[in-house]
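Below is one structure; the comments refer to it alone.
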Amino acid sequence: MKKRYKKIITYILCLCLMLTNMTFLTGCGKDEEEDVIVLRVSNWEEYIDEGDWDEEETIELENGTVICSETSMVEDYETWFYETYGKKVVVEYSTFGTNEELYNQLSMGDTYDLVCPSEYMIMKMMAEDMLVPFSEEFYDPTIENNYYAKGVSPYIQSVFDNLSIEGEPISKYAAGYMWGTLGIVYNPEEVTEEEASHWNMLLMDKFDKRVTIKDSVRDAYFAGNSIYNEKLLLSEEFLASEDYYANMEVVLNATDKDTVDAVEDILSDVKKNVYSFETDSGKADMVSGKVVANQQWSGDAVYTLDQAEEEGVILCYSAPEEATNLWFDGWCMLKDGIGEDPDKQLAAEAFVNFMSMPENAIRNMWYIGYTSVISGGEDNSIFQYAEFLYSAEEDEEETVEYPTAYFYTGKFENELTPEEIETYTIVTTPDQTKRQLFAQYPPEDVVKRSVVMDYFGQEGNDRINQMWLNVRCFDLYEYID
């Protein structure tokens, strides 16, 4: 028995020695593990460059910048972070399909460090004290690697600064990623430009079962509320008001009972007229010709127009004259993940900055079709990328000038110098004033009627959610009648 115990003890000692040597050789000991920062990131599905570009996708800009992508943005960030900060980071990257899905994941106990919700969910998370503010250093444009502070569009920054929850601006807790408008993709062979320029086309008998609307309470509510207030929003007195934008925000964010009841009636009629409420099928339905118009986010509109063009079908995009929803998605750091860990916060802020490098913003835009909030600051690559996509060919007979200076300077036409206007004007073809360029960089008149939908608060949310339940599931008023 003693010999057997001695053999066992000898075996254990040898095993321990082997494990010690393996640890030494592989560098996988406890100290090494503690030096690796694990950054848990959750983003929208298919919302970041995943690499593997074909050689013909290489983008060459006039300033000499050459952009191609072999590996994913996440892999490239891990490499860049180590080279820049001398620390190893591993990104655990996951995705979500809707803002509500992300919120439910967090409520069920999932833990993330950095997430990318939309504007109203950012407001909700701020109101519920779920977020960590970005550091003061993050906003310092004099720091070399602060690509977000140096490159965010002044127009977008002003939007973030002017939106607040309980007196605190969104810009303190969120850094923008992508932005756009809500409008209508339409087939100009079937729908006139005038018809597509009003939300009430969703109710027209002419398009019975030939249009689709988003299966989203907020997007549908915005369209319904715009139809309900169409006469007011287009009246000369309202348009000429000194407080036009502020008044428009009040009207389109109203959730009082009378407004919600009226919108419910309108959306119940829309339900009878549309082909479907959809979340993603509208793009394919437009390309196939199953429908002739589709309520769509501008980024998906660009994708739809591109896909249709490959099939020989020309589609257009409209931002209705009553108003359009200005939406954006932004990066936020969560208290439950970041906590008070300075290394995690460094990694999270560095991730945002890496996404904000002009060449990386272009990679993401090219890959997903949406528009980055990054204008580039002193680096003109973003504007040159827009020219790369949409400038008219030299032998084009008919061209138009398309100004985009507000995005790059934060100033509107009456504030701009002639030089600024010229610098940021794209000479393009007339069709692009209704197509991809229009969707990606809407003109000033569209921006001036673009409203951010607020976080409505508990009472407002309960009211419109019940309205949506009635419209989508019950049509209670029909039963009462």
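Every chain in the structure tokens takes a letter, A first, then B, and so on in the order presented; its residues are numbered from 1, and the ligands are numbered from 1 following the presented order.
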Checklist line | Backbone DSSP call of strand (DSSP E) for stretch 231-404 of chain A, listed as a PyMOL selection string | finding: chain A and resi 276-278+293-297+316-318+324-334+371-372+400-403
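Using only C-alpha atoms, the contacts of A:Lys335 at a cut-off of 7 Å, with sequence neighbours closer than 6 positions omitted, comprise Met130, Leu131 and Val132 of chain A.
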Check: Could you work out how far atom CA of A:Val302 lies from atom CA of A:Glu349, giving the answer in Å with one decimal?
Finding: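 A separation of 29.3 Å between them.
The interatomic distance for the pair atom CA of A:Ala262 and atom CA of A:Met201 works out to 17.5 Å.
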Next item on the list: Determine, counting only C-alpha atoms, which protein, DNA and RNA residues have an atom within 9 Å of an atom of A:Val91; residues of the same chain fewer than 2 positions away are not included. Present the result as JSON, numbers by chain.
Entry: {"A": [37, 38, 39, 40, 41, 74, 75, 77, 78, 89, 93]}
How about saving the chosen residues, N, CA, C and O atoms kept, as a short mmCIF file (atom, residue, chain, number, x, y, z; two decimals), in the first residue's frame?
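Written file, selection.cif:
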data_model
loop_
_atom_site.label_atom_id
_atom_site.label_comp_id
_atom_site.auth_asym_id
_atom_site.auth_seq_id
_atom_site.Cartn_x
_atom_site.Cartn_y
_atom_site.Cartn_z
N ILE A 37 -7.58 42.36 -21.82
CA ILE A 37 -8.85 43.05 -21.61
C ILE A 37 -9.90 42.37 -22.48
O ILE A 37 -9.73 42.23 -23.70
N VAL A 38 -10.98 41.93 -21.89
CA VAL A 38 -12.08 41.34 -22.64
C VAL A 38 -13.17 42.41 -22.81
O VAL A 38 -13.73 42.90 -21.82
N LEU A 39 -13.44 42.79 -24.04
CA LEU A 39 -14.43 43.82 -24.34
C LEU A 39 -15.64 43.17 -24.99
O LEU A 39 -15.55 42.63 -26.10
N ARG A 40 -16.77 43.23 -24.31
CA ARG A 40 -18.00 42.61 -24.83
C ARG A 40 -18.82 43.68 -25.55
O ARG A 40 -19.29 44.63 -24.94
N VAL A 41 -18.98 43.49 -26.87
CA VAL A 41 -19.63 44.47 -27.73
C VAL A 41 -20.88 43.85 -28.35
O VAL A 41 -20.84 42.71 -28.84
N VAL A 74 -13.34 44.03 -36.43
CA VAL A 74 -13.06 43.63 -35.05
C VAL A 74 -11.63 43.11 -34.91
O VAL A 74 -10.90 43.48 -33.99
N GLU A 75 -11.21 42.25 -35.83
CA GLU A 75 -9.84 41.74 -35.79
C GLU A 75 -8.83 42.87 -35.93
O GLU A 75 -7.81 42.91 -35.23
N TYR A 77 -9.23 45.96 -35.16
CA TYR A 77 -9.22 46.77 -33.94
C TYR A 77 -8.33 46.13 -32.88
O TYR A 77 -7.54 46.82 -32.22
N GLU A 78 -8.44 44.82 -32.70
CA GLU A 78 -7.62 44.14 -31.69
C GLU A 78 -6.13 44.35 -31.96
O GLU A 78 -5.35 44.60 -31.04
N VAL A 89 -6.33 43.12 -26.17
CA VAL A 89 -7.77 43.15 -25.99
C VAL A 89 -8.38 42.05 -26.85
O VAL A 89 -7.94 41.79 -27.98
N TYR A 93 -17.84 39.70 -29.65
CA TYR A 93 -18.78 40.47 -30.47
C TYR A 93 -20.06 39.67 -30.69
O TYR A 93 -20.02 38.52 -31.11
#
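Between atom CA of A:Val313 and atom CA of A:Val427 lies a distance of 23.7 Å.
Proximity ranking of A:Gly151, A:Pro169, A:Gly86, A:Gly377 relative to A:Ala127 places A:Pro169 first, based on only C-alpha atoms.
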Checklist line | For A:Ala392, the nearest of the candidates A:Thr429, A:Gln295, A:Ser171, A:Gln466, counting only C-alpha atoms | finding: A:Thr429
Next item on the list: Could you check which of A:Tyr367, A:Val270, A:Asn145, A:Met125 is closest to A:Ser72, using only C-alpha atoms?
Entry: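 So, comparing all the options, the nearest one is A:Tyr367.
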Checklist line | Closest of A:Ala386, A:Val211, A:Val291, A:Leu334 to A:Glu62 - atom-to-atom distances counting only C-alpha atoms | finding: A:Ala386
Margin query: Neighbouring residues of A:Glu264 were defined as those with any atom within 12 Å, considering only C-alpha atoms; residues of the same chain fewer than 5 positions away were excluded. Please report them as JSON, numbers by chain.
Written below: {"A": [217, 220, 221, 222, 223, 224, 225, 227, 228, 255, 257, 258, 259, 269, 270, 271, 463, 464, 465, 466, 467, 468, 469, 470, 471, 472, 474, 475, 476, 477, 478]}
So that I have them on file, write out the residues from the current selection with N, CA, C and O atoms, as a CSV table (one decimal), in the first residue's frame.
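Contents of selection-v3.csv, as written:
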chain,number,residue,atom,x,y,z
A,217,VAL,N,-43.7,50.0,-34.1
A,217,VAL,CA,-44.7,51.0,-33.5
A,217,VAL,C,-44.2,52.4,-33.7
A,217,VAL,O,-45.0,53.3,-34.1
A,220,ALA,N,-44.3,53.4,-37.6
A,220,ALA,CA,-45.7,53.5,-38.1
A,220,ALA,C,-46.3,54.7,-37.4
A,220,ALA,O,-47.1,55.4,-38.1
A,221,TYR,N,-46.1,54.9,-36.2
A,221,TYR,CA,-46.7,56.0,-35.5
A,221,TYR,C,-46.3,57.4,-36.1
A,221,TYR,O,-47.1,58.3,-36.2
A,222,PHE,N,-45.0,57.5,-36.5
A,222,PHE,CA,-44.5,58.7,-37.1
A,222,PHE,C,-45.2,59.0,-38.4
A,222,PHE,O,-45.7,60.1,-38.6
A,223,ALA,N,-45.4,58.0,-39.2
A,223,ALA,CA,-46.1,58.1,-40.5
A,223,ALA,C,-47.6,58.5,-40.2
A,223,ALA,O,-48.2,59.4,-40.8
A,224,GLY,N,-48.2,57.8,-39.2
A,224,GLY,CA,-49.6,58.1,-38.9
A,224,GLY,C,-49.8,59.5,-38.4
A,224,GLY,O,-50.8,60.2,-38.7
A,225,ASN,N,-48.9,59.9,-37.5
A,225,ASN,CA,-49.0,61.2,-36.9
A,225,ASN,C,-48.8,62.3,-37.9
A,225,ASN,O,-49.5,63.4,-37.9
A,227,ILE,N,-49.6,62.0,-41.1
A,227,ILE,CA,-50.9,62.1,-41.9
A,227,ILE,C,-51.9,62.8,-41.1
A,227,ILE,O,-52.7,63.7,-41.7
A,228,TYR,N,-52.0,62.5,-39.8
A,228,TYR,CA,-53.0,63.2,-39.0
A,228,TYR,C,-52.8,64.7,-38.9
A,228,TYR,O,-53.8,65.5,-39.0
A,255,THR,N,-48.0,62.4,-27.6
A,255,THR,CA,-48.6,61.1,-27.2
A,255,THR,C,-49.8,61.2,-26.3
A,255,THR,O,-50.1,60.3,-25.6
A,257,LYS,N,-53.8,61.4,-25.4
A,257,LYS,CA,-54.9,60.4,-25.8
A,257,LYS,C,-55.6,60.8,-27.1
A,257,LYS,O,-55.8,59.9,-28.0
A,258,ASP,N,-55.9,62.0,-27.3
A,258,ASP,CA,-56.6,62.4,-28.6
A,258,ASP,C,-55.7,62.1,-29.8
A,258,ASP,O,-56.2,61.6,-30.8
A,259,THR,N,-54.4,62.4,-29.7
A,259,THR,CA,-53.6,62.2,-30.8
A,259,THR,C,-53.4,60.7,-31.1
A,259,THR,O,-53.5,60.2,-32.2
A,269,ASP,N,-56.8,52.1,-40.9
A,269,ASP,CA,-57.1,52.2,-42.3
A,269,ASP,C,-55.9,51.8,-43.2
A,269,ASP,O,-56.0,51.2,-44.2
A,270,VAL,N,-54.7,52.2,-42.7
A,270,VAL,CA,-53.5,51.8,-43.4
A,270,VAL,C,-53.3,50.3,-43.5
A,270,VAL,O,-53.0,49.8,-44.5
A,271,LYS,N,-53.6,49.7,-42.4
A,271,LYS,CA,-53.5,48.2,-42.3
A,271,LYS,C,-54.4,47.5,-43.4
A,271,LYS,O,-54.0,46.6,-44.0
A,463,ARG,N,-49.3,54.1,-23.9
A,463,ARG,CA,-50.4,54.5,-24.7
A,463,ARG,C,-50.2,54.1,-26.1
A,463,ARG,O,-51.1,53.5,-26.8
A,464,ILE,N,-49.0,54.3,-26.7
A,464,ILE,CA,-48.8,54.0,-28.1
A,464,ILE,C,-48.6,52.5,-28.3
A,464,ILE,O,-49.0,51.9,-29.3
A,465,ASN,N,-48.1,51.8,-27.3
A,465,ASN,CA,-48.0,50.3,-27.4
A,465,ASN,C,-49.4,49.7,-27.4
A,465,ASN,O,-49.6,48.7,-28.1
A,466,GLN,N,-50.3,50.2,-26.6
A,466,GLN,CA,-51.6,49.7,-26.6
A,466,GLN,C,-52.3,50.0,-27.9
A,466,GLN,O,-53.0,49.1,-28.5
A,467,MET,N,-52.1,51.2,-28.4
A,467,MET,CA,-52.6,51.5,-29.8
A,467,MET,C,-52.1,50.5,-30.8
A,467,MET,O,-52.8,50.0,-31.6
A,468,TRP,N,-50.8,50.2,-30.7
A,468,TRP,CA,-50.2,49.3,-31.7
A,468,TRP,C,-50.8,47.9,-31.6
A,468,TRP,O,-51.0,47.2,-32.6
A,469,LEU,N,-51.0,47.5,-30.4
A,469,LEU,CA,-51.6,46.2,-30.1
A,469,LEU,C,-53.0,46.1,-30.7
A,469,LEU,O,-53.4,45.1,-31.4
A,470,ASN,N,-53.7,47.2,-30.6
A,470,ASN,CA,-55.1,47.3,-31.2
A,470,ASN,C,-55.0,47.2,-32.7
A,470,ASN,O,-55.8,46.5,-33.3
A,471,VAL,N,-54.1,47.9,-33.3
A,471,VAL,CA,-54.0,48.0,-34.7
A,471,VAL,C,-53.5,46.6,-35.3
A,471,VAL,O,-54.1,46.1,-36.2
A,472,ARG,N,-52.5,46.1,-34.7
A,472,ARG,CA,-51.9,44.9,-35.3
A,472,ARG,C,-52.6,43.6,-35.0
A,472,ARG,O,-52.6,42.7,-35.7
A,474,PHE,N,-55.9,43.3,-32.8
A,474,PHE,CA,-57.3,43.2,-32.5
A,474,PHE,C,-58.3,44.1,-33.3
A,474,PHE,O,-59.4,43.7,-33.6
A,475,ASP,N,-57.8,45.3,-33.7
A,475,ASP,CA,-58.8,46.3,-34.3
A,475,ASP,C,-60.0,46.4,-33.5
A,475,ASP,O,-61.1,46.2,-33.9
A,476,LEU,N,-59.8,46.8,-32.2
A,476,LEU,CA,-60.9,46.8,-31.2
A,476,LEU,C,-62.0,47.7,-31.7
A,476,LEU,O,-63.2,47.3,-31.4
A,477,TYR,N,-61.7,48.8,-32.4
A,477,TYR,CA,-62.8,49.7,-32.7
A,477,TYR,C,-63.8,49.0,-33.7
A,477,TYR,O,-65.0,49.2,-33.7
A,478,GLU,N,-63.3,48.1,-34.6
A,478,GLU,CA,-64.2,47.4,-35.5
A,478,GLU,C,-65.1,46.5,-34.7
A,478,GLU,O,-66.3,46.4,-35.0
Item checked: alpha helix (DSSP H) call set, DSSP backbone run, stretch 346-375 of chain A, as a list in words -> Leu346, Ala347, Ala348, Glu349, Ala350, Phe351, Val352, Asn353, Phe354, Met355, Pro358, Glu359, Asn360, Ala361, Ile362, Arg363, Asn364, Met365, Trp366, Tyr367 and Ile368 of chain A
Taking N, CA, C and O atoms for each residue, export the selection above as a PDB file, in the first residue's frame.
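Dumped to again_11.pdb:
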ATOM      1  N   LEU A 346     -11.079  52.360 -21.391  1.00  0.00           N
ATOM      2  CA  LEU A 346     -10.094  52.702 -22.409  1.00  0.00           C
ATOM      3  C   LEU A 346     -10.349  51.904 -23.681  1.00  0.00           C
ATOM      4  O   LEU A 346     -10.353  52.463 -24.793  1.00  0.00           O
ATOM      5  N   ALA A 347     -10.584  50.604 -23.536  1.00  0.00           N
ATOM      6  CA  ALA A 347     -10.806  49.740 -24.695  1.00  0.00           C
ATOM      7  C   ALA A 347     -12.095  50.104 -25.422  1.00  0.00           C
ATOM      8  O   ALA A 347     -12.150  50.098 -26.659  1.00  0.00           O
ATOM      9  N   ALA A 348     -13.149  50.429 -24.648  1.00  0.00           N
ATOM     10  CA  ALA A 348     -14.433  50.794 -25.257  1.00  0.00           C
ATOM     11  C   ALA A 348     -14.322  52.108 -26.024  1.00  0.00           C
ATOM     12  O   ALA A 348     -14.790  52.223 -27.166  1.00  0.00           O
ATOM     13  N   GLU A 349     -13.710  53.109 -25.416  1.00  0.00           N
ATOM     14  CA  GLU A 349     -13.550  54.399 -26.093  1.00  0.00           C
ATOM     15  C   GLU A 349     -12.629  54.274 -27.296  1.00  0.00           C
ATOM     16  O   GLU A 349     -12.853  54.918 -28.342  1.00  0.00           O
ATOM     17  N   ALA A 350     -11.612  53.418 -27.174  1.00  0.00           N
ATOM     18  CA  ALA A 350     -10.708  53.193 -28.303  1.00  0.00           C
ATOM     19  C   ALA A 350     -11.436  52.500 -29.453  1.00  0.00           C
ATOM     20  O   ALA A 350     -11.160  52.772 -30.634  1.00  0.00           O
ATOM     21  N   PHE A 351     -12.366  51.613 -29.129  1.00  0.00           N
ATOM     22  CA  PHE A 351     -13.162  50.936 -30.157  1.00  0.00           C
ATOM     23  C   PHE A 351     -13.952  51.968 -30.965  1.00  0.00           C
ATOM     24  O   PHE A 351     -13.990  51.927 -32.202  1.00  0.00           O
ATOM     25  N   VAL A 352     -14.586  52.908 -30.268  1.00  0.00           N
ATOM     26  CA  VAL A 352     -15.347  53.964 -30.941  1.00  0.00           C
ATOM     27  C   VAL A 352     -14.414  54.807 -31.808  1.00  0.00           C
ATOM     28  O   VAL A 352     -14.743  55.140 -32.954  1.00  0.00           O
ATOM     29  N   ASN A 353     -13.260  55.152 -31.278  1.00  0.00           N
ATOM     30  CA  ASN A 353     -12.308  55.947 -32.047  1.00  0.00           C
ATOM     31  C   ASN A 353     -11.799  55.197 -33.279  1.00  0.00           C
ATOM     32  O   ASN A 353     -11.621  55.784 -34.345  1.00  0.00           O
ATOM     33  N   PHE A 354     -11.586  53.903 -33.132  1.00  0.00           N
ATOM     34  CA  PHE A 354     -11.133  53.110 -34.266  1.00  0.00           C
ATOM     35  C   PHE A 354     -12.206  53.074 -35.356  1.00  0.00           C
ATOM     36  O   PHE A 354     -11.901  53.208 -36.539  1.00  0.00           O
ATOM     37  N   MET A 355     -13.473  52.909 -34.958  1.00  0.00           N
ATOM     38  CA  MET A 355     -14.572  52.946 -35.924  1.00  0.00           C
ATOM     39  C   MET A 355     -14.663  54.299 -36.616  1.00  0.00           C
ATOM     40  O   MET A 355     -15.196  54.416 -37.717  1.00  0.00           O
ATOM     41  N   PRO A 358     -11.470  57.907 -40.560  1.00  0.00           N
ATOM     42  CA  PRO A 358     -12.152  58.083 -41.851  1.00  0.00           C
ATOM     43  C   PRO A 358     -12.128  56.834 -42.734  1.00  0.00           C
ATOM     44  O   PRO A 358     -13.152  56.461 -43.314  1.00  0.00           O
ATOM     45  N   GLU A 359     -10.961  56.169 -42.831  1.00  0.00           N
ATOM     46  CA  GLU A 359     -10.892  54.987 -43.690  1.00  0.00           C
ATOM     47  C   GLU A 359     -11.770  53.849 -43.155  1.00  0.00           C
ATOM     48  O   GLU A 359     -12.349  53.080 -43.936  1.00  0.00           O
ATOM     49  N   ASN A 360     -11.909  53.754 -41.822  1.00  0.00           N
ATOM     50  CA  ASN A 360     -12.759  52.710 -41.258  1.00  0.00           C
ATOM     51  C   ASN A 360     -14.237  53.071 -41.370  1.00  0.00           C
ATOM     52  O   ASN A 360     -15.088  52.190 -41.561  1.00  0.00           O
ATOM     53  N   ALA A 361     -14.562  54.349 -41.241  1.00  0.00           N
ATOM     54  CA  ALA A 361     -15.938  54.790 -41.477  1.00  0.00           C
ATOM     55  C   ALA A 361     -16.353  54.466 -42.910  1.00  0.00           C
ATOM     56  O   ALA A 361     -17.482  54.026 -43.162  1.00  0.00           O
ATOM     57  N   ILE A 362     -15.434  54.652 -43.845  1.00  0.00           N
ATOM     58  CA  ILE A 362     -15.718  54.327 -45.247  1.00  0.00           C
ATOM     59  C   ILE A 362     -15.892  52.821 -45.423  1.00  0.00           C
ATOM     60  O   ILE A 362     -16.810  52.376 -46.133  1.00  0.00           O
ATOM     61  N   ARG A 363     -15.035  52.034 -44.791  1.00  0.00           N
ATOM     62  CA  ARG A 363     -15.185  50.576 -44.872  1.00  0.00           C
ATOM     63  C   ARG A 363     -16.564  50.143 -44.404  1.00  0.00           C
ATOM     64  O   ARG A 363     -17.235  49.338 -45.056  1.00  0.00           O
ATOM     65  N   ASN A 364     -17.003  50.679 -43.273  1.00  0.00           N
ATOM     66  CA  ASN A 364     -18.319  50.305 -42.753  1.00  0.00           C
ATOM     67  C   ASN A 364     -19.445  50.776 -43.667  1.00  0.00           C
ATOM     68  O   ASN A 364     -20.412  50.049 -43.902  1.00  0.00           O
ATOM     69  N   MET A 365     -19.332  52.006 -44.188  1.00  0.00           N
ATOM     70  CA  MET A 365     -20.374  52.506 -45.091  1.00  0.00           C
ATOM     71  C   MET A 365     -20.461  51.653 -46.354  1.00  0.00           C
ATOM     72  O   MET A 365     -21.550  51.330 -46.829  1.00  0.00           O
ATOM     73  N   TRP A 366     -19.291  51.316 -46.905  1.00  0.00           N
ATOM     74  CA  TRP A 366     -19.279  50.507 -48.132  1.00  0.00           C
ATOM     75  C   TRP A 366     -19.905  49.140 -47.880  1.00  0.00           C
ATOM     76  O   TRP A 366     -20.648  48.618 -48.719  1.00  0.00           O
ATOM     77  N   TYR A 367     -19.630  48.579 -46.727  1.00  0.00           N
ATOM     78  CA  TYR A 367     -20.071  47.213 -46.430  1.00  0.00           C
ATOM     79  C   TYR A 367     -21.559  47.142 -46.129  1.00  0.00           C
ATOM     80  O   TYR A 367     -22.247  46.210 -46.554  1.00  0.00           O
ATOM     81  N   ILE A 368     -22.104  48.143 -45.395  1.00  0.00           N
ATOM     82  CA  ILE A 368     -23.492  48.026 -44.949  1.00  0.00           C
ATOM     83  C   ILE A 368     -24.446  48.976 -45.665  1.00  0.00           C
ATOM     84  O   ILE A 368     -25.669  48.801 -45.580  1.00  0.00           O
TER      85      ILE A 368
END
